[in-house]
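Novice: protein.txt is reproduced below (compact mmCIF, N, CA and C atoms).
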# COMPACT_ATOMS: atom_id res chain seq x y z
N MET V 53 19.40 38.87 73.06
CA MET V 53 20.11 39.44 71.94
C MET V 53 20.97 40.61 72.36
N CYS V 54 20.48 41.30 73.29
CA CYS V 54 21.22 42.45 73.80
C CYS V 54 22.50 41.98 74.46
N GLN V 55 22.44 40.84 75.09
CA GLN V 55 23.61 40.32 75.75
C GLN V 55 24.60 39.82 74.72
N THR V 56 24.19 39.30 73.62
CA THR V 56 25.07 38.82 72.58
C THR V 56 25.84 39.98 71.96
N ARG V 57 25.18 41.09 71.76
CA ARG V 57 25.86 42.26 71.21
C ARG V 57 26.96 42.73 72.18
N GLN V 58 26.69 42.71 73.44
CA GLN V 58 27.69 43.13 74.42
C GLN V 58 28.90 42.19 74.40
N VAL V 59 28.63 40.90 74.29
CA VAL V 59 29.71 39.93 74.27
C VAL V 59 30.56 40.13 73.03
N VAL V 60 29.91 40.35 71.89
CA VAL V 60 30.63 40.57 70.64
C VAL V 60 31.42 41.88 70.73
N SER V 61 30.86 42.89 71.28
CA SER V 61 31.53 44.18 71.41
C SER V 61 32.76 44.05 72.31
N VAL V 62 32.64 43.32 73.39
CA VAL V 62 33.76 43.11 74.29
C VAL V 62 34.85 42.33 73.59
N ARG V 63 34.47 41.30 72.81
CA ARG V 63 35.47 40.49 72.10
C ARG V 63 36.21 41.32 71.06
N ILE V 64 35.49 42.17 70.34
CA ILE V 64 36.13 43.03 69.33
C ILE V 64 37.11 43.99 70.01
N THR V 65 36.70 44.54 71.13
CA THR V 65 37.57 45.46 71.86
C THR V 65 38.83 44.74 72.33
N LEU V 66 38.69 43.52 72.83
CA LEU V 66 39.83 42.75 73.29
C LEU V 66 40.78 42.41 72.14
N VAL V 67 40.23 42.04 71.00
CA VAL V 67 41.07 41.72 69.83
C VAL V 67 41.81 42.96 69.36
N ALA V 68 41.14 44.09 69.32
CA ALA V 68 41.77 45.34 68.89
C ALA V 68 42.87 45.73 69.87
N LEU V 69 42.60 45.57 71.14
CA LEU V 69 43.60 45.87 72.14
C LEU V 69 44.82 44.97 71.99
N ALA V 70 44.59 43.70 71.68
CA ALA V 70 45.69 42.76 71.50
C ALA V 70 46.56 43.18 70.33
N PHE V 71 45.94 43.61 69.24
CA PHE V 71 46.72 44.07 68.08
C PHE V 71 47.54 45.32 68.41
N VAL V 72 46.93 46.23 69.11
CA VAL V 72 47.63 47.48 69.44
C VAL V 72 48.78 47.20 70.39
N VAL V 73 48.56 46.37 71.40
CA VAL V 73 49.59 46.08 72.38
C VAL V 73 50.74 45.32 71.73
N SER V 74 50.47 44.42 70.84
CA SER V 74 51.52 43.63 70.20
C SER V 74 52.24 44.41 69.11
N GLY V 75 51.77 45.56 68.79
CA GLY V 75 52.43 46.38 67.77
C GLY V 75 51.99 46.03 66.37
N CYS V 76 50.98 45.21 66.22
CA CYS V 76 50.48 44.79 64.91
C CYS V 76 49.13 45.42 64.65
N ALA V 77 48.99 46.66 64.88
CA ALA V 77 47.72 47.34 64.65
C ALA V 77 47.39 47.29 63.18
N ALA V 78 46.13 47.19 62.87
CA ALA V 78 45.68 47.05 61.49
C ALA V 78 46.04 48.27 60.66
N LEU V 79 46.19 49.40 61.30
CA LEU V 79 46.47 50.63 60.56
C LEU V 79 47.96 50.82 60.30
N ALA V 80 48.82 50.04 60.93
CA ALA V 80 50.26 50.23 60.76
C ALA V 80 50.69 49.68 59.41
N ALA V 81 51.42 50.47 58.69
CA ALA V 81 51.90 50.05 57.38
C ALA V 81 53.40 49.79 57.47
N PRO V 82 53.97 48.92 56.63
CA PRO V 82 55.39 48.63 56.69
C PRO V 82 56.25 49.85 56.43
N GLY V 83 55.82 50.78 55.64
CA GLY V 83 56.59 51.99 55.33
C GLY V 83 56.77 52.89 56.53
N VAL V 84 55.77 52.89 57.41
CA VAL V 84 55.84 53.74 58.59
C VAL V 84 56.95 53.26 59.50
N GLU V 85 57.08 51.93 59.63
CA GLU V 85 58.14 51.38 60.47
C GLU V 85 59.51 51.72 59.92
N GLY V 86 59.69 51.65 58.62
CA GLY V 86 60.97 52.01 58.00
C GLY V 86 61.27 53.49 58.17
N ALA V 87 60.25 54.31 58.04
CA ALA V 87 60.46 55.75 58.20
C ALA V 87 60.85 56.07 59.64
N ALA V 88 60.25 55.36 60.59
CA ALA V 88 60.58 55.60 62.00
C ALA V 88 62.03 55.20 62.28
N SER V 89 62.46 54.10 61.71
CA SER V 89 63.84 53.67 61.92
C SER V 89 64.81 54.64 61.26
N LEU V 90 64.46 55.15 60.07
CA LEU V 90 65.30 56.14 59.38
C LEU V 90 65.37 57.43 60.19
N ALA V 91 64.25 57.84 60.76
CA ALA V 91 64.23 59.05 61.58
C ALA V 91 65.08 58.85 62.83
N GLY V 92 65.03 57.66 63.42
CA GLY V 92 65.86 57.37 64.59
C GLY V 92 67.33 57.44 64.25
N THR V 93 67.73 56.92 63.09
CA THR V 93 69.12 56.97 62.67
C THR V 93 69.57 58.40 62.45
N ALA V 94 68.73 59.16 61.77
CA ALA V 94 69.07 60.57 61.53
C ALA V 94 69.14 61.32 62.85
N GLY V 95 68.24 61.00 63.77
CA GLY V 95 68.24 61.68 65.07
C GLY V 95 69.50 61.36 65.85
N SER V 96 69.93 60.08 65.82
CA SER V 96 71.13 59.74 66.56
C SER V 96 72.37 60.34 65.90
N ALA V 97 72.37 60.46 64.58
CA ALA V 97 73.50 61.11 63.90
C ALA V 97 73.56 62.58 64.27
N ALA V 98 72.40 63.23 64.32
CA ALA V 98 72.37 64.64 64.70
C ALA V 98 72.81 64.80 66.15
N THR V 99 72.36 63.90 67.00
CA THR V 99 72.78 63.95 68.40
C THR V 99 74.28 63.75 68.51
N GLY V 100 74.81 62.81 67.75
CA GLY V 100 76.25 62.57 67.74
C GLY V 100 77.02 63.79 67.27
N TYR V 101 76.51 64.46 66.25
CA TYR V 101 77.17 65.67 65.75
C TYR V 101 77.16 66.77 66.81
N ILE V 102 76.01 66.95 67.44
CA ILE V 102 75.90 67.98 68.48
C ILE V 102 76.82 67.64 69.64
N SER V 103 76.86 66.36 70.01
CA SER V 103 77.72 65.93 71.10
C SER V 103 79.19 66.16 70.75
N THR V 104 79.57 65.82 69.51
CA THR V 104 80.95 66.04 69.07
C THR V 104 81.29 67.52 69.05
N GLN V 105 80.38 68.33 68.56
CA GLN V 105 80.60 69.78 68.52
C GLN V 105 80.73 70.33 69.94
N SER V 106 79.90 69.88 70.85
CA SER V 106 79.99 70.33 72.24
C SER V 106 81.31 69.91 72.86
N SER V 107 81.74 68.69 72.56
CA SER V 107 83.02 68.21 73.09
C SER V 107 84.17 69.06 72.57
N ARG V 108 84.12 69.41 71.29
CA ARG V 108 85.18 70.26 70.73
C ARG V 108 85.21 71.62 71.41
N GLU V 109 84.04 72.21 71.61
CA GLU V 109 83.97 73.51 72.26
C GLU V 109 84.46 73.42 73.71
N LEU V 110 84.09 72.34 74.39
CA LEU V 110 84.54 72.15 75.76
C LEU V 110 86.05 71.96 75.81
N ASN V 111 86.59 71.18 74.89
CA ASN V 111 88.04 70.97 74.85
C ASN V 111 88.77 72.28 74.55
N ALA V 112 88.23 73.07 73.65
CA ALA V 112 88.86 74.37 73.34
C ALA V 112 88.83 75.28 74.56
N ALA V 113 87.72 75.26 75.28
CA ALA V 113 87.62 76.08 76.50
C ALA V 113 88.61 75.58 77.55
N ASN V 114 88.76 74.27 77.66
CA ASN V 114 89.72 73.71 78.62
C ASN V 114 91.15 74.11 78.26
N VAL V 115 91.47 74.11 76.98
CA VAL V 115 92.81 74.52 76.54
C VAL V 115 93.06 75.97 76.93
N GLU V 116 92.09 76.82 76.71
CA GLU V 116 92.23 78.24 77.08
C GLU V 116 92.38 78.40 78.59
N LEU V 117 91.62 77.61 79.34
CA LEU V 117 91.71 77.66 80.79
C LEU V 117 93.11 77.25 81.25
N ILE V 118 93.64 76.20 80.67
CA ILE V 118 94.98 75.72 81.04
C ILE V 118 96.03 76.77 80.69
N ARG V 119 95.89 77.40 79.55
CA ARG V 119 96.83 78.46 79.17
C ARG V 119 96.76 79.63 80.15
N ALA V 120 95.55 80.01 80.54
CA ALA V 120 95.39 81.11 81.49
C ALA V 120 95.98 80.75 82.85
N GLN V 121 95.76 79.50 83.28
CA GLN V 121 96.33 79.07 84.56
C GLN V 121 97.85 79.05 84.50
N ALA V 122 98.41 78.60 83.39
CA ALA V 122 99.86 78.58 83.24
C ALA V 122 100.43 79.99 83.28
N GLN V 123 99.76 80.93 82.63
CA GLN V 123 100.21 82.32 82.63
C GLN V 123 100.12 82.89 84.05
N MET V 124 99.04 82.56 84.76
CA MET V 124 98.87 83.04 86.14
C MET V 124 99.98 82.48 87.03
N GLN V 125 100.30 81.21 86.89
CA GLN V 125 101.37 80.63 87.70
C GLN V 125 102.72 81.25 87.37
N LYS V 126 102.93 81.54 86.11
CA LYS V 126 104.19 82.19 85.71
C LYS V 126 104.29 83.58 86.34
N THR V 127 103.18 84.32 86.31
CA THR V 127 103.15 85.65 86.91
C THR V 127 103.38 85.57 88.42
N GLN V 128 102.73 84.62 89.07
CA GLN V 128 102.90 84.45 90.52
C GLN V 128 104.34 84.07 90.85
N ALA V 129 104.95 83.22 90.05
CA ALA V 129 106.35 82.83 90.29
C ALA V 129 107.27 84.04 90.14
N GLU V 130 107.00 84.89 89.14
CA GLU V 130 107.82 86.09 88.96
C GLU V 130 107.66 87.04 90.15
N GLU V 131 106.42 87.20 90.62
CA GLU V 131 106.17 88.08 91.77
C GLU V 131 106.85 87.53 93.03
N LEU V 132 106.79 86.23 93.24
CA LEU V 132 107.46 85.63 94.39
C LEU V 132 108.97 85.81 94.31
N ASN V 133 109.51 85.71 93.12
CA ASN V 133 110.94 85.91 92.93
C ASN V 133 111.34 87.35 93.26
N ILE V 134 110.53 88.29 92.82
CA ILE V 134 110.80 89.71 93.12
C ILE V 134 110.73 89.96 94.62
N LYS V 135 109.70 89.41 95.29
CA LYS V 135 109.58 89.59 96.74
C LYS V 135 110.76 88.96 97.47
N ARG V 136 111.19 87.78 97.02
CA ARG V 136 112.33 87.12 97.65
C ARG V 136 113.59 87.96 97.51
N GLU V 137 113.80 88.53 96.31
CA GLU V 137 114.98 89.39 96.10
C GLU V 137 114.92 90.63 96.97
N GLU V 138 113.72 91.22 97.10
CA GLU V 138 113.57 92.40 97.95
C GLU V 138 113.86 92.05 99.42
N LEU V 139 113.37 90.89 99.86
CA LEU V 139 113.62 90.47 101.23
C LEU V 139 115.11 90.22 101.47
N GLU V 140 115.77 89.62 100.50
CA GLU V 140 117.22 89.39 100.63
C GLU V 140 117.98 90.72 100.68
N ASP V 141 117.56 91.68 99.87
CA ASP V 141 118.19 93.01 99.93
C ASP V 141 117.96 93.66 101.29
N GLU V 142 116.73 93.57 101.78
CA GLU V 142 116.41 94.14 103.09
C GLU V 142 117.21 93.44 104.18
N ARG V 143 117.34 92.12 104.07
CA ARG V 143 118.09 91.35 105.06
C ARG V 143 119.55 91.79 105.08
N ALA V 144 120.16 91.94 103.89
CA ALA V 144 121.57 92.34 103.81
C ALA V 144 121.76 93.74 104.40
N ALA V 145 120.86 94.66 104.10
CA ALA V 145 120.97 96.02 104.63
C ALA V 145 120.82 96.01 106.15
N THR V 146 119.88 95.22 106.66
CA THR V 146 119.66 95.15 108.10
C THR V 146 120.89 94.57 108.81
N VAL V 147 121.48 93.53 108.22
CA VAL V 147 122.68 92.93 108.81
C VAL V 147 123.80 93.97 108.89
N GLY V 148 123.97 94.76 107.81
CA GLY V 148 125.00 95.81 107.82
C GLY V 148 124.76 96.85 108.89
N VAL V 149 123.51 97.30 109.02
CA VAL V 149 123.17 98.31 110.03
C VAL V 149 123.39 97.75 111.43
N LEU V 150 122.96 96.51 111.66
CA LEU V 150 123.12 95.91 112.99
C LEU V 150 124.58 95.73 113.37
N ARG V 151 125.41 95.37 112.41
CA ARG V 151 126.85 95.22 112.70
C ARG V 151 127.48 96.57 113.06
N GLU V 152 127.09 97.61 112.33
CA GLU V 152 127.60 98.95 112.64
C GLU V 152 127.14 99.39 114.02
N MET V 153 125.87 99.14 114.33
CA MET V 153 125.36 99.51 115.65
C MET V 153 126.08 98.73 116.75
N ALA V 154 126.37 97.43 116.49
CA ALA V 154 127.07 96.60 117.48
C ALA V 154 128.46 97.14 117.74
N LEU V 155 129.16 97.58 116.68
CA LEU V 155 130.50 98.15 116.85
C LEU V 155 130.44 99.49 117.57
N THR V 156 129.50 100.34 117.17
CA THR V 156 129.38 101.67 117.75
C THR V 156 129.02 101.58 119.24
N ARG V 157 128.06 100.75 119.56
CA ARG V 157 127.58 100.64 120.94
C ARG V 157 128.37 99.61 121.76
N GLU V 158 129.21 98.89 121.09
CA GLU V 158 129.94 97.80 121.72
C GLU V 158 128.97 96.85 122.42
N ASP V 159 127.98 96.41 121.64
CA ASP V 159 126.90 95.57 122.16
C ASP V 159 126.93 94.22 121.43
N LEU V 160 127.31 93.17 122.15
CA LEU V 160 127.38 91.84 121.54
C LEU V 160 126.00 91.29 121.18
N THR V 161 124.98 91.76 121.86
CA THR V 161 123.61 91.31 121.54
C THR V 161 123.24 91.73 120.13
N LEU V 162 123.62 92.94 119.75
CA LEU V 162 123.32 93.41 118.39
C LEU V 162 124.13 92.64 117.35
N ALA V 163 125.36 92.25 117.70
CA ALA V 163 126.16 91.42 116.79
C ALA V 163 125.50 90.06 116.60
N ASP V 164 125.01 89.48 117.70
CA ASP V 164 124.29 88.20 117.61
C ASP V 164 123.00 88.35 116.80
N LEU V 165 122.35 89.48 116.98
CA LEU V 165 121.12 89.76 116.24
C LEU V 165 121.41 89.84 114.73
N ALA V 166 122.55 90.42 114.37
CA ALA V 166 122.95 90.49 112.96
C ALA V 166 123.16 89.09 112.40
N VAL V 167 123.79 88.24 113.18
CA VAL V 167 123.99 86.85 112.74
C VAL V 167 122.65 86.14 112.57
N TRP V 168 121.72 86.39 113.51
CA TRP V 168 120.39 85.78 113.45
C TRP V 168 119.65 86.21 112.18
N VAL V 169 119.71 87.50 111.86
CA VAL V 169 119.04 88.00 110.65
C VAL V 169 119.69 87.40 109.40
N GLN V 170 121.01 87.31 109.40
CA GLN V 170 121.71 86.76 108.25
C GLN V 170 121.34 85.29 108.03
N ALA V 171 121.03 84.59 109.11
CA ALA V 171 120.66 83.17 109.02
C ALA V 171 119.19 82.97 108.66
N GLY V 172 118.42 84.06 108.55
CA GLY V 172 117.02 83.92 108.14
C GLY V 172 116.03 84.56 109.08
N GLY V 173 116.50 85.23 110.11
CA GLY V 173 115.61 85.89 111.06
C GLY V 173 114.89 87.07 110.43
N ASP V 174 113.86 87.53 111.10
CA ASP V 174 113.02 88.63 110.60
C ASP V 174 113.75 89.96 110.73
N PRO V 175 114.06 90.61 109.59
CA PRO V 175 114.78 91.88 109.64
C PRO V 175 113.98 93.00 110.33
N ASP V 176 112.67 93.01 110.14
CA ASP V 176 111.85 94.05 110.77
C ASP V 176 111.88 93.92 112.29
N TYR V 177 111.74 92.71 112.77
CA TYR V 177 111.79 92.48 114.21
C TYR V 177 113.16 92.88 114.78
N ALA V 178 114.20 92.51 114.06
CA ALA V 178 115.56 92.81 114.54
C ALA V 178 115.79 94.31 114.60
N MET V 179 115.35 95.05 113.58
CA MET V 179 115.54 96.51 113.61
C MET V 179 114.72 97.15 114.72
N HIS V 180 113.51 96.66 114.91
CA HIS V 180 112.68 97.18 116.00
C HIS V 180 113.37 96.94 117.35
N TYR V 181 113.92 95.75 117.53
CA TYR V 181 114.64 95.44 118.76
C TYR V 181 115.86 96.33 118.93
N ALA V 182 116.61 96.54 117.85
CA ALA V 182 117.83 97.35 117.93
C ALA V 182 117.51 98.80 118.25
N LEU V 183 116.42 99.32 117.71
CA LEU V 183 116.07 100.72 117.94
C LEU V 183 115.37 100.94 119.28
N GLN V 184 114.59 99.99 119.72
CA GLN V 184 113.82 100.14 120.95
C GLN V 184 114.52 99.52 122.16
N GLY V 185 115.42 98.61 121.94
CA GLY V 185 116.04 97.90 123.06
C GLY V 185 115.15 96.76 123.49
N PRO V 186 115.62 95.96 124.42
CA PRO V 186 114.80 94.84 124.88
C PRO V 186 113.53 95.34 125.56
N ALA V 187 112.51 94.52 125.50
CA ALA V 187 111.23 94.89 126.12
C ALA V 187 111.43 95.00 127.62
N LYS V 188 110.95 96.09 128.14
CA LYS V 188 111.09 96.31 129.58
C LYS V 188 109.88 95.71 130.28
N THR V 189 110.16 94.93 131.29
CA THR V 189 109.06 94.34 132.05
C THR V 189 108.81 95.19 133.27
N THR V 190 107.60 95.40 133.54
CA THR V 190 107.23 96.18 134.73
C THR V 190 106.46 95.28 135.66
N SER V 191 106.76 95.38 136.89
CA SER V 191 106.03 94.58 137.87
C SER V 191 105.30 95.52 138.81
N LYS V 192 104.23 95.08 139.28
CA LYS V 192 103.43 95.88 140.21
C LYS V 192 103.97 95.73 141.60
N GLN V 193 104.29 96.80 142.19
CA GLN V 193 104.79 96.74 143.56
C GLN V 193 103.74 97.34 144.48
N ASP V 194 103.51 96.66 145.57
CA ASP V 194 102.51 97.14 146.53
C ASP V 194 103.12 98.02 147.58
Please, can you express the file's structure as structure tokens?
Specialist:
Amino acid sequence: MCQTRQVVSVRITLVALAFVVSGCAALAAPGVEGAASLAGTAGSAATGYISTQSSRELNAANVELIRAQAQMQKTQAEELNIKREELEDERAATVGVLREMALTREDLTLADLAVWVQAGGDPDYAMHYALQGPAKTTSKQD
């Protein structure tokens, strides 16, 4: 008899497990399933709203970032234009000084240097060369 009770107990446990696994538990009511589906719909709507709100905020932040980048590029372009104008002014002044020095010293190298600067050469290098003269090479003599 003791063995019969064990067999019956095992069978009841197996049947209960089968109901639970299949989703047909005796305690489940039809209203609970409807409420779960309604909660899932409300949850996905709330998630959609949060996602949409986040997307709007991200898009607004991106718009501000693009505006800031555009302003930065505009500022950089203005600064580059100012530097270019300053360099052109420096170049013109250097060419004038070099031509005067070439006439005064009767030095064709300085006249060529003025042409080089006018064509795009470095005005600082040219003035340094004109004021210091060509680099003097020294050799070691024994």
Novice: May I have the residues within 12 Å of Thr161 (chain V) as a VMD selection string, using only C-alpha atoms and disregarding those fewer than 2 positions away in the same chain?
Specialist: chain V and resid 150 to 151 153 to 155 157 to 159 163 to 168 178 181 to 182 185 to 186
Novice: Please indicate the distance in Å from CA of Val169 (chain V) to atom C of Ala144 (chain V), rounded to one decimal place.
Specialist: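 A separation of 8.9 Å between them.
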Novice: As an exercise, work out the distance from CA of Tyr177 (chain V) to CA of Leu139 (chain V) in Å and give it to one decimal place.
Specialist: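 CA of Leu139 (chain V) lies 13.3 Å from CA of Tyr177 (chain V).
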Novice: Report, as AutoDock Vina command-line options, the centre and edge lengths in Å (one decimal) of the axis-aligned box enclosing every listed atom of region 152-165 of chain V, padded by 6 Å on each side.
Specialist:
--center_x 125.8 --center_y 94.9 --center_z 117.4 --size_x 21.4 --size_y 25.5 --size_z 22.1
Novice: One decimal, Å: what's the distance from CA of Leu162 (chain V) over to CA of Glu137 (chain V), could you say?
Specialist: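 We find that CA of Leu162 (chain V) and CA of Glu137 (chain V) lie 24.1 Å from each other.
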Novice: With all atoms listed in the file as the basis for distance, which of V:Gln170, V:Arg108, V:Ile64, V:Ala120 is at the shortest distance from Arg143 (chain V)?
Specialist: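 Among the listed residues, the smallest separation from Arg143 (chain V) belongs to V:Gln170.
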